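Here the structure is laid out as structure tokens; the discussion comes afterwards.
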There are 4 protein chains.
Amino acid sequence: MLPVTQPWTLYGVTLDSRLLLGTAGYPSPAVLREALQVSGTQVVTVGLKRTLGAAGDNGFIDLIRELLPVQGARLLPNTAGCRTAREAITLAHMARELYDTPWLKLEVVGDEHTLQPDPWELVHAAGQLVRDGFDVFPYCTDDLVTCQRLLDAGCQVLMPWGAPIGSGQGLLNPFALRTLRERLPGVPLIVDAGIGAPAHAAQALELGLDGVLLNSAVAQAGDPVRMAAAFAHAVKAGRLGREAGVMAPQSMAVASTPVTGRPFLIG
Amino acid sequence: MLPVTQPWTLYGVTLDSRLLLGTAGYPSPAVLREALQVSGTQVVTVGLKRTLGAAGDNGFIDLIRELLPVQGARLLPNTAGCRTAREAITLAHMARELYDTPWLKLEVVGDEHTLQPDPWELVHAAGQLVRDGFDVFPYCTDDLVTCQRLLDAGCQVLMPWGAPIGSGQGLLNPFALRTLRERLPGVPLIVDAGIGAPAHAAQALELGLDGVLLNSAVAQAGDPVRMAAAFAHAVKAGRLGREAGVMAPQSMAVASTPVTGRPFLIG
Amino acid sequence: MLPVTQPWTLYGVTLDSRLLLGTAGYPSPAVLREALQVSGTQVVTVGLKRTLGAAGDNGFIDLIRELLPVQGARLLPNTAGCRTAREAITLAHMARELYDTPWLKLEVVGDEHTLQPDPWELVHAAGQLVRDGFDVFPYCTDDLVTCQRLLDAGCQVLMPWGAPIGSGQGLLNPFALRTLRERLPGVPLIVDAGIGAPAHAAQALELGLDGVLLNSAVAQAGDPVRMAAAFAHAVKAGRLGREAGVMAPQSMAVASTPVTGRPFLIG
Amino acid sequence: MLPVTQPWTLYGVTLDSRLLLGTAGYPSPAVLREALQVSGTQVVTVGLKRTLGAAGDNGFIDLIRELLPVQGARLLPNTAGCRTAREAITLAHMARELYDTPWLKLEVVGDEHTLQPDPWELVHAAGQLVRDGFDVFPYCTDDLVTCQRLLDAGCQVLMPWGAPIGSGQGLLNPFALRTLRERLPGVPLIVDAGIGAPAHAAQALELGLDGVLLNSAVAQAGDPVRMAAAFAHAVKAGRLGREAGVMAPQSMAVASTPVTGRPFLIG
């Protein structure tokens, strides 16, 4: 029997997959459909601004709705594109009506170039939305104090960035992420943004973060379906590695093949 | 149908798994057996010096022999512990008698602290062993000129190190490994030594190396069986990522969720 | 005539040296005195909590006061150890009385383990202190939005961290520091905390940051006076490199010694 | 009195400066002249192939000859562009005639893309040239066994690369350089090639290497004279830091400013 990763829980919902996927920028609905299936993801984000746009959504939401029950997945609407707490709160309420879910990925952009979160607007919006009954997944920076304020505001999950959205640079500051893990035991931490390659996802899980959310790395790959499979393996690799206990690096060589002596410690 | 990695070929033998495993230092025969099974490995190394030792091998070789056919794996005897070409050549011939295989992982240690290969002794021994009919897998450094000399000597596979044996430091010089990949297209390249975590293995495959060989990272994990599963996923993750085309990192953010417009490029 | 670094300006005061030094933890007053002299520093920080302590200051402040005019240096009192804006503001006012300077390094600790700044308390305290007439030097994280809020609050200088205080880890997130430089042109940026080695200081200046503030790296060196000289050279090296234009890295080799042709482009 | 770096010795010649400079690719003789003066260098390399070329040398060698005594510098002719030991040996003998010095920077290129040294040709040529009475400075890789073979061949100085020539990538494998330092105590080690920024040079000296040789980083800077000054400071920074004892990095914060207690350990 093959070892499998431990299940985890987000706002009372137990999940097996630790890979969360965005749905933007795929070459076609067919590719999106197949990538989601192959990934095994159980949480799928959609941008509210887009789907609420006047131009229609190209059948996108119907596609997502159809896919979710097939793989036991949930929708995580996001407030991508919002610049203020007020705007995000308004959009969140519209989303709850539209999608009938209290889950919300809260994004409040604080800078046009890095698209980084604005900690102040984020904490403010999170507090209000928690009071309004939402299950808030805040997209935040890797700053410990900001994360603590989000927890104080009632968030039960945090989504720190690894690098700017769509940059594919991986984990720019592993020290900060490791600090979050050590100082916030028990809090589900999902690296959101910046993951570009499967190795980045594995590294995040090895550091003890609980999951990763990504979009561009799959949607913009030469072969998105194959890349979805790559990331499905990567999160399992990283998580199983974390559970199994990664060896501590040594500064010098240690012969793995002893020249003499008995091969096993026991037996 | 889930995407699977492309098969590859070592000395005419086509393999599906890109994970090669050592067999030293496991806590017990039962754990070794289960780790090998879970890993899906098709190439298993054993140290000749140990198994030829006077003290007996504790049933080790019988165990390996029994396991190999079960998972369609091959034995790759190694010359770990040899300090000279002469010593390695002698040991290689004994190994061929004993194990009835032309495959040989050639190790000639050049330094007691890093246990790094000695390029001169290695090239010399490789040339002789190729002439003697062996299929030589040289454990070498990441030096391009040394690798070219090994190819000139008749090696058809190369096994550059990532870091010193047993150090678990990962890929100390990704630039050198990338250079090997670019300059030696078509040559099977296996990162041997230094891999400590699943993310290291994924990174190696993403760089275009064809496989990884490791031992300590699995054998010395808190839970070797679970770690074997982790690495099985990691090499699939890295290889599928390579095949799918990893996105190029961007210096700045690129919104993955467009705020307006149609969600798909086509359809 | 040897090239020298450009002067820079902090709150209207023009300085030649880009090395700011703390004064804690030196083995003796004599070593502190000599290290400050050798460093050429023109800005020296002192902890208010210590000097205001009931136990007396061991002649420390008299020493500092005596040294400052000798090397044309200014005192920068700091609020190290404060946990809230309120506490920092109270201490700042006492400092202005005591030292007769509007300059203030504002520290408000937000976490006991990393001793990182608390962005919220920091912005709040900065706004009040600016209104009270202080020239505020906030010790902050490398978060762009936080830095923008500090500028909005009236700060004219920012002091982002490189790594946790006293850790000597260097620049944990060069990407974030480069972003600050690009997005906040014209704002004096001083890396404060985390610098452990001269190369770290040079790197900070090469990235375009304007100065560095450090303490442990000098005070806890085996030979603090010699290390003070090392850092004096390092900031000049990094700044001159920035001014001269550091070459862009190339992925491959470019022969610096042409084999044929005329040696100079002109002449 | 300002602390200065310890002098060091190359083939019996004691030097103060730890910065060695190439002379190719400068915009004009005047800039080359001024850069050399500002750098304080005491060892200057020239490419033999160029100066022996039929087209004449544009007054280059006369310029170098005139400069050397002014700053107490020595010429280090190099065999850049040679592909075989035989070619390098022939050129070396011509150089000794021409420049009347036993010093020789031995380069034997083993790959056209990386311009990396060929360890085999290099060791072979070094042995012959030592027997012929040269003081050989081999440009080599960072491979410990290769370095040991060069020492066995009679070299008393080694010049391992940091990265490919002209790439400006800095130290690609600090682990390998640190290993050389630890395993070859007492041997003068000069990082040659790959240095792109002053911080790279400081880092090399902090690791315990004895000097750096560079060319492109200065010659191709926007302002070569200013960059020469930058590197002059950088090698002093790194070396003084090494001598003073760089602090060990800490994983967590350590308050440098104690809140209570006496400020000095003694006095």
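Residues are named by chain letter and number: chains run A, B, ... in the order of the structure tokens, numbers start at 1 in each chain, and ligands are numbered from 1 in the order shown.
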
Taking only residues of range 178-248 of chain D that have an atom at most 12 Å from an atom of range 107-126 of chain D, what is each one's shortest atom pair and its distance in Å to one decimal, using only C-alpha atoms, in chain and number order, as a Markdown table?
| residue | atom | partner | partner_atom | distance |
| --- | --- | --- | --- | --- |
| D:Asp192 | CA | D:Glu107 | CA | 10.9 |
| D:Ala193 | CA | D:Gln116 | CA | 9.7 |
| D:Gly194 | CA | D:Thr114 | CA | 10.9 |

Please produce a file of the residues just selected, as a JSON list (two decimals), in the first residue's frame, where the atoms kept are C-alpha atoms.
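Final output, saved to selection31.json:
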[["chain", "number", "residue", "atom", "x", "y", "z"],
["D", 192, "ASP", "CA", 40.23, 34.36, -11.25],
["D", 193, "ALA", "CA", 37.24, 34.89, -13.55],
["D", 194, "GLY", "CA", 33.58, 35.44, -12.87]]

Would you return as a ChimeraX atom specification the members of range 29-89 of chain C that DSSP assigns to strand (DSSP E or B) on this structure's backbone? /C:43-47,74-78

Can I get the selection written as a PDB file, in the first residue's frame, with N, CA, C and O atoms?
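Below is the file result-v9.pdb, written as the result:
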ATOM      1  N   VAL C  43      27.032  58.972  11.874  1.00  0.00           N
ATOM      2  CA  VAL C  43      25.762  58.806  12.592  1.00  0.00           C
ATOM      3  C   VAL C  43      25.909  57.631  13.551  1.00  0.00           C
ATOM      4  O   VAL C  43      26.218  56.514  13.127  1.00  0.00           O
ATOM      5  N   VAL C  44      25.648  57.913  14.822  1.00  0.00           N
ATOM      6  CA  VAL C  44      25.853  56.927  15.872  1.00  0.00           C
ATOM      7  C   VAL C  44      24.556  56.771  16.653  1.00  0.00           C
ATOM      8  O   VAL C  44      23.992  57.757  17.113  1.00  0.00           O
ATOM      9  N   THR C  45      24.078  55.515  16.767  1.00  0.00           N
ATOM     10  CA  THR C  45      22.828  55.322  17.510  1.00  0.00           C
ATOM     11  C   THR C  45      23.115  54.937  18.956  1.00  0.00           C
ATOM     12  O   THR C  45      24.113  54.274  19.249  1.00  0.00           O
ATOM     13  N   VAL C  46      22.208  55.351  19.826  1.00  0.00           N
ATOM     14  CA  VAL C  46      22.263  54.922  21.230  1.00  0.00           C
ATOM     15  C   VAL C  46      20.859  54.535  21.662  1.00  0.00           C
ATOM     16  O   VAL C  46      19.877  55.152  21.247  1.00  0.00           O
ATOM     17  N   GLY C  47      20.807  53.521  22.504  1.00  0.00           N
ATOM     18  CA  GLY C  47      19.518  53.050  22.998  1.00  0.00           C
ATOM     19  C   GLY C  47      19.066  53.906  24.158  1.00  0.00           C
ATOM     20  O   GLY C  47      19.791  54.037  25.145  1.00  0.00           O
ATOM     21  N   ARG C  74      26.766  62.740  14.307  1.00  0.00           N
ATOM     22  CA  ARG C  74      25.536  63.098  14.999  1.00  0.00           C
ATOM     23  C   ARG C  74      25.010  61.904  15.765  1.00  0.00           C
ATOM     24  O   ARG C  74      25.211  60.763  15.366  1.00  0.00           O
ATOM     25  N   LEU C  75      24.281  62.198  16.786  1.00  0.00           N
ATOM     26  CA  LEU C  75      23.654  61.165  17.588  1.00  0.00           C
ATOM     27  C   LEU C  75      22.278  60.838  16.997  1.00  0.00           C
ATOM     28  O   LEU C  75      21.540  61.734  16.595  1.00  0.00           O
ATOM     29  N   LEU C  76      21.970  59.546  16.961  1.00  0.00           N
ATOM     30  CA  LEU C  76      20.634  59.107  16.530  1.00  0.00           C
ATOM     31  C   LEU C  76      20.067  58.226  17.642  1.00  0.00           C
ATOM     32  O   LEU C  76      20.294  57.016  17.674  1.00  0.00           O
ATOM     33  N   PRO C  77      19.351  58.845  18.576  1.00  0.00           N
ATOM     34  CA  PRO C  77      18.779  58.042  19.666  1.00  0.00           C
ATOM     35  C   PRO C  77      17.752  57.056  19.113  1.00  0.00           C
ATOM     36  O   PRO C  77      17.046  57.376  18.151  1.00  0.00           O
ATOM     37  N   ASN C  78      17.678  55.879  19.711  1.00  0.00           N
ATOM     38  CA  ASN C  78      16.689  54.915  19.224  1.00  0.00           C
ATOM     39  C   ASN C  78      15.759  54.459  20.348  1.00  0.00           C
ATOM     40  O   ASN C  78      16.083  54.585  21.531  1.00  0.00           O
TER      41      ASN C  78
END

Need the shell around Ser251 in chain C: protein/DNA/RNA residues with any atom at most 12 Å away, counting only C-alpha atoms. Skip same-chain ones fewer than 6 positions apart. Format as a count of residues only? 16

List as a tab-separated table (two decimals) with N, CA and C atoms, in the first residue's frame the protein and nucleic acid residues near range 13-18 of chain B, meaning an atom at most 10 Å away when only C-alpha atoms are counted, but skip any in the same chain fewer than 4 places from it.
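Written file, around-v1.tsv:
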chain	number	residue	atom	x	y	z
B	4	VAL	N	2.05	10.57	-18.00
B	4	VAL	CA	3.19	9.89	-17.36
B	4	VAL	C	4.48	10.36	-18.03
B	5	THR	N	5.57	10.19	-17.31
B	5	THR	CA	6.85	10.66	-17.85
B	5	THR	C	7.30	9.75	-19.00
B	6	GLN	N	8.08	10.34	-19.90
B	6	GLN	CA	8.62	9.58	-21.02
B	6	GLN	C	9.59	8.51	-20.51
B	7	PRO	N	9.61	7.36	-21.14
B	7	PRO	CA	10.64	6.38	-20.79
B	7	PRO	C	12.01	6.87	-21.24
B	8	TRP	N	13.05	6.29	-20.70
B	8	TRP	CA	14.41	6.65	-21.08
B	8	TRP	C	15.25	5.38	-21.16
B	9	THR	N	16.44	5.50	-21.68
B	9	THR	CA	17.22	4.32	-21.99
B	9	THR	C	18.64	4.44	-21.45
B	39	SER	N	9.19	2.93	-3.92
B	39	SER	CA	9.89	3.90	-4.77
B	39	SER	C	9.65	3.65	-6.25
B	40	GLY	N	9.33	2.41	-6.60
B	40	GLY	CA	9.18	2.08	-8.01
B	40	GLY	C	10.49	2.05	-8.77
B	41	THR	N	11.60	2.09	-8.05
B	41	THR	CA	12.90	2.14	-8.72
B	41	THR	C	13.13	0.90	-9.58
B	42	GLN	N	13.88	1.09	-10.66
B	42	GLN	CA	14.24	-0.01	-11.54
B	42	GLN	C	15.74	-0.22	-11.62
B	43	VAL	N	16.48	0.58	-10.85
B	43	VAL	CA	17.94	0.41	-10.77
B	43	VAL	C	18.35	0.54	-9.31
B	72	GLY	N	10.87	-5.50	-11.68
B	72	GLY	CA	11.52	-5.27	-12.97
B	72	GLY	C	12.75	-4.40	-12.85
B	73	ALA	N	13.52	-4.59	-11.80
B	73	ALA	CA	14.69	-3.75	-11.56
B	73	ALA	C	15.99	-4.48	-11.88
B	74	ARG	N	17.03	-3.70	-12.08
B	74	ARG	CA	18.35	-4.21	-12.36
B	74	ARG	C	19.32	-3.83	-11.26
B	190	ILE	N	22.60	11.55	-14.82
B	190	ILE	CA	21.95	11.18	-13.56
B	190	ILE	C	22.68	11.90	-12.43
B	205	LEU	N	15.55	17.30	-12.23
B	205	LEU	CA	14.82	16.87	-13.43
B	205	LEU	C	14.35	18.07	-14.24
B	209	LEU	N	18.20	17.18	-16.35
B	209	LEU	CA	18.91	15.93	-16.08
B	209	LEU	C	17.90	14.80	-16.12
B	210	ASP	N	18.38	13.60	-16.40
B	210	ASP	CA	17.45	12.53	-16.75
B	210	ASP	C	17.00	11.68	-15.58
B	211	GLY	N	17.77	11.69	-14.51
B	211	GLY	CA	17.40	10.88	-13.37
B	211	GLY	C	18.22	11.30	-12.15
B	212	VAL	N	17.89	10.72	-11.01
B	212	VAL	CA	18.68	10.95	-9.81
B	212	VAL	C	18.93	9.62	-9.11
B	213	LEU	N	20.11	9.54	-8.51
B	213	LEU	CA	20.44	8.39	-7.68
B	213	LEU	C	20.66	8.90	-6.27
B	231	PHE	N	10.11	10.72	-2.93
B	231	PHE	CA	11.04	10.86	-4.05
B	231	PHE	C	10.45	10.28	-5.34
B	232	ALA	N	9.65	9.24	-5.22
B	232	ALA	CA	9.00	8.72	-6.42
B	232	ALA	C	8.13	9.80	-7.06
B	234	ALA	N	8.58	13.04	-6.55
B	234	ALA	CA	9.42	14.19	-6.90
B	234	ALA	C	10.04	14.05	-8.29
B	235	VAL	N	10.51	12.86	-8.62
B	235	VAL	CA	11.12	12.72	-9.95
B	235	VAL	C	10.06	12.80	-11.04
B	236	LYS	N	8.86	12.31	-10.74
B	236	LYS	CA	7.78	12.48	-11.72
B	236	LYS	C	7.43	13.95	-11.87
B	239	ARG	N	10.24	15.73	-13.85
B	239	ARG	CA	10.32	15.32	-15.25
B	239	ARG	C	9.09	15.79	-16.03

Could you tell me which of D:Leu150, D:Leu129, D:Ala199, D:Ala228 comes closest to chain C if we count only C-alpha atoms? D:Ala199

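In this structure, CA of Pro188 in chain B sits 28.2 Å away from CA of Glu206 in chain A.
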
Residues at most 7 Å from range 132-137 of chain B, counting only C-alpha atoms, excluding those fewer than 5 positions away in the same chain, as a PyMOL selection string? chain B and resi 11+102-106+126+155+157-159

N, CA and C atoms of the current selection, written as a PDB file, in the first residue's frame:
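To be explicit, this is the file written out as out-v7.pdb:
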ATOM      1  N   TYR B  11      22.101   2.270 -21.611  1.00  0.00           N
ATOM      2  CA  TYR B  11      22.801   1.133 -22.223  1.00  0.00           C
ATOM      3  C   TYR B  11      21.809   0.146 -22.834  1.00  0.00           C
ATOM      4  N   PRO B 102      26.968  -6.645 -16.832  1.00  0.00           N
ATOM      5  CA  PRO B 102      28.036  -5.752 -17.299  1.00  0.00           C
ATOM      6  C   PRO B 102      27.899  -4.339 -16.730  1.00  0.00           C
ATOM      7  N   TRP B 103      26.773  -4.048 -16.089  1.00  0.00           N
ATOM      8  CA  TRP B 103      26.572  -2.703 -15.538  1.00  0.00           C
ATOM      9  C   TRP B 103      27.502  -2.493 -14.344  1.00  0.00           C
ATOM     10  N   LEU B 104      28.059  -1.262 -14.294  1.00  0.00           N
ATOM     11  CA  LEU B 104      28.964  -0.958 -13.190  1.00  0.00           C
ATOM     12  C   LEU B 104      28.934   0.530 -12.884  1.00  0.00           C
ATOM     13  N   LYS B 105      28.618   0.854 -11.649  1.00  0.00           N
ATOM     14  CA  LYS B 105      28.787   2.241 -11.211  1.00  0.00           C
ATOM     15  C   LYS B 105      30.220   2.386 -10.731  1.00  0.00           C
ATOM     16  N   LEU B 106      30.960   3.218 -11.463  1.00  0.00           N
ATOM     17  CA  LEU B 106      32.391   3.361 -11.197  1.00  0.00           C
ATOM     18  C   LEU B 106      32.643   4.525 -10.253  1.00  0.00           C
ATOM     19  N   ALA B 126      37.683   4.101 -16.448  1.00  0.00           N
ATOM     20  CA  ALA B 126      36.540   3.991 -17.363  1.00  0.00           C
ATOM     21  C   ALA B 126      36.997   3.455 -18.719  1.00  0.00           C
ATOM     22  N   CYS B 155      32.087   5.891 -22.145  1.00  0.00           N
ATOM     23  CA  CYS B 155      30.902   5.877 -21.277  1.00  0.00           C
ATOM     24  C   CYS B 155      29.701   6.400 -22.065  1.00  0.00           C
ATOM     25  N   VAL B 157      26.722   6.933 -20.308  1.00  0.00           N
ATOM     26  CA  VAL B 157      25.904   7.536 -19.250  1.00  0.00           C
ATOM     27  C   VAL B 157      26.862   8.261 -18.313  1.00  0.00           C
ATOM     28  N   LEU B 158      26.430   9.384 -17.752  1.00  0.00           N
ATOM     29  CA  LEU B 158      27.262  10.102 -16.781  1.00  0.00           C
ATOM     30  C   LEU B 158      26.472  10.337 -15.506  1.00  0.00           C
ATOM     31  N   MET B 159      27.175  10.322 -14.380  1.00  0.00           N
ATOM     32  CA  MET B 159      26.519  10.519 -13.095  1.00  0.00           C
ATOM     33  C   MET B 159      27.204  11.636 -12.301  1.00  0.00           C
TER      34      MET B 159
END

Using DSSP on the backbone coordinates, identify all residues within range 35-208 of chain A classified as helix (DSSP H, G or I); present the result as a ChimeraX atom specification. /A:35-39,48-51,60-70,85-99,119-131,144-152,174-183,198-206

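One distance worth recording is that between CA of Glu34 in chain C and CA of Lys49 in chain C, which is 24.3 Å.
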
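Ranking D:Glu97, D:Gln203, D:Glu182, D:Arg242 by their shortest atom-to-atom distance to chain A, with only C-alpha atoms included, puts D:Glu182 first.
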
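Relative to CA of Gly25 in chain C, CA of Gly241 in chain D is found at 18.3 Å.
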
Can you tell me which residues surround Asp223 in chain A at a distance of at most 9 Å, considering only C-alpha atoms, apart from same-chain residues fewer than 5 positions away, and format the answer as a PDB file with C-alpha atoms, in the first residue's frame?
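Final output, part-v1.pdb:
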ATOM      1  CA  VAL A 218       0.066  25.627 -15.058  1.00  0.00           C
ATOM      2  CA  ALA A 228      -0.990  20.021 -13.760  1.00  0.00           C
TER       3      ALA A 228
ATOM      4  CA  GLU B 243       8.350  17.939 -20.496  1.00  0.00           C
ATOM      5  CA  ALA B 244       5.509  20.430 -20.031  1.00  0.00           C
ATOM      6  CA  GLY B 245       7.808  23.451 -20.212  1.00  0.00           C
TER       7      GLY B 245
END
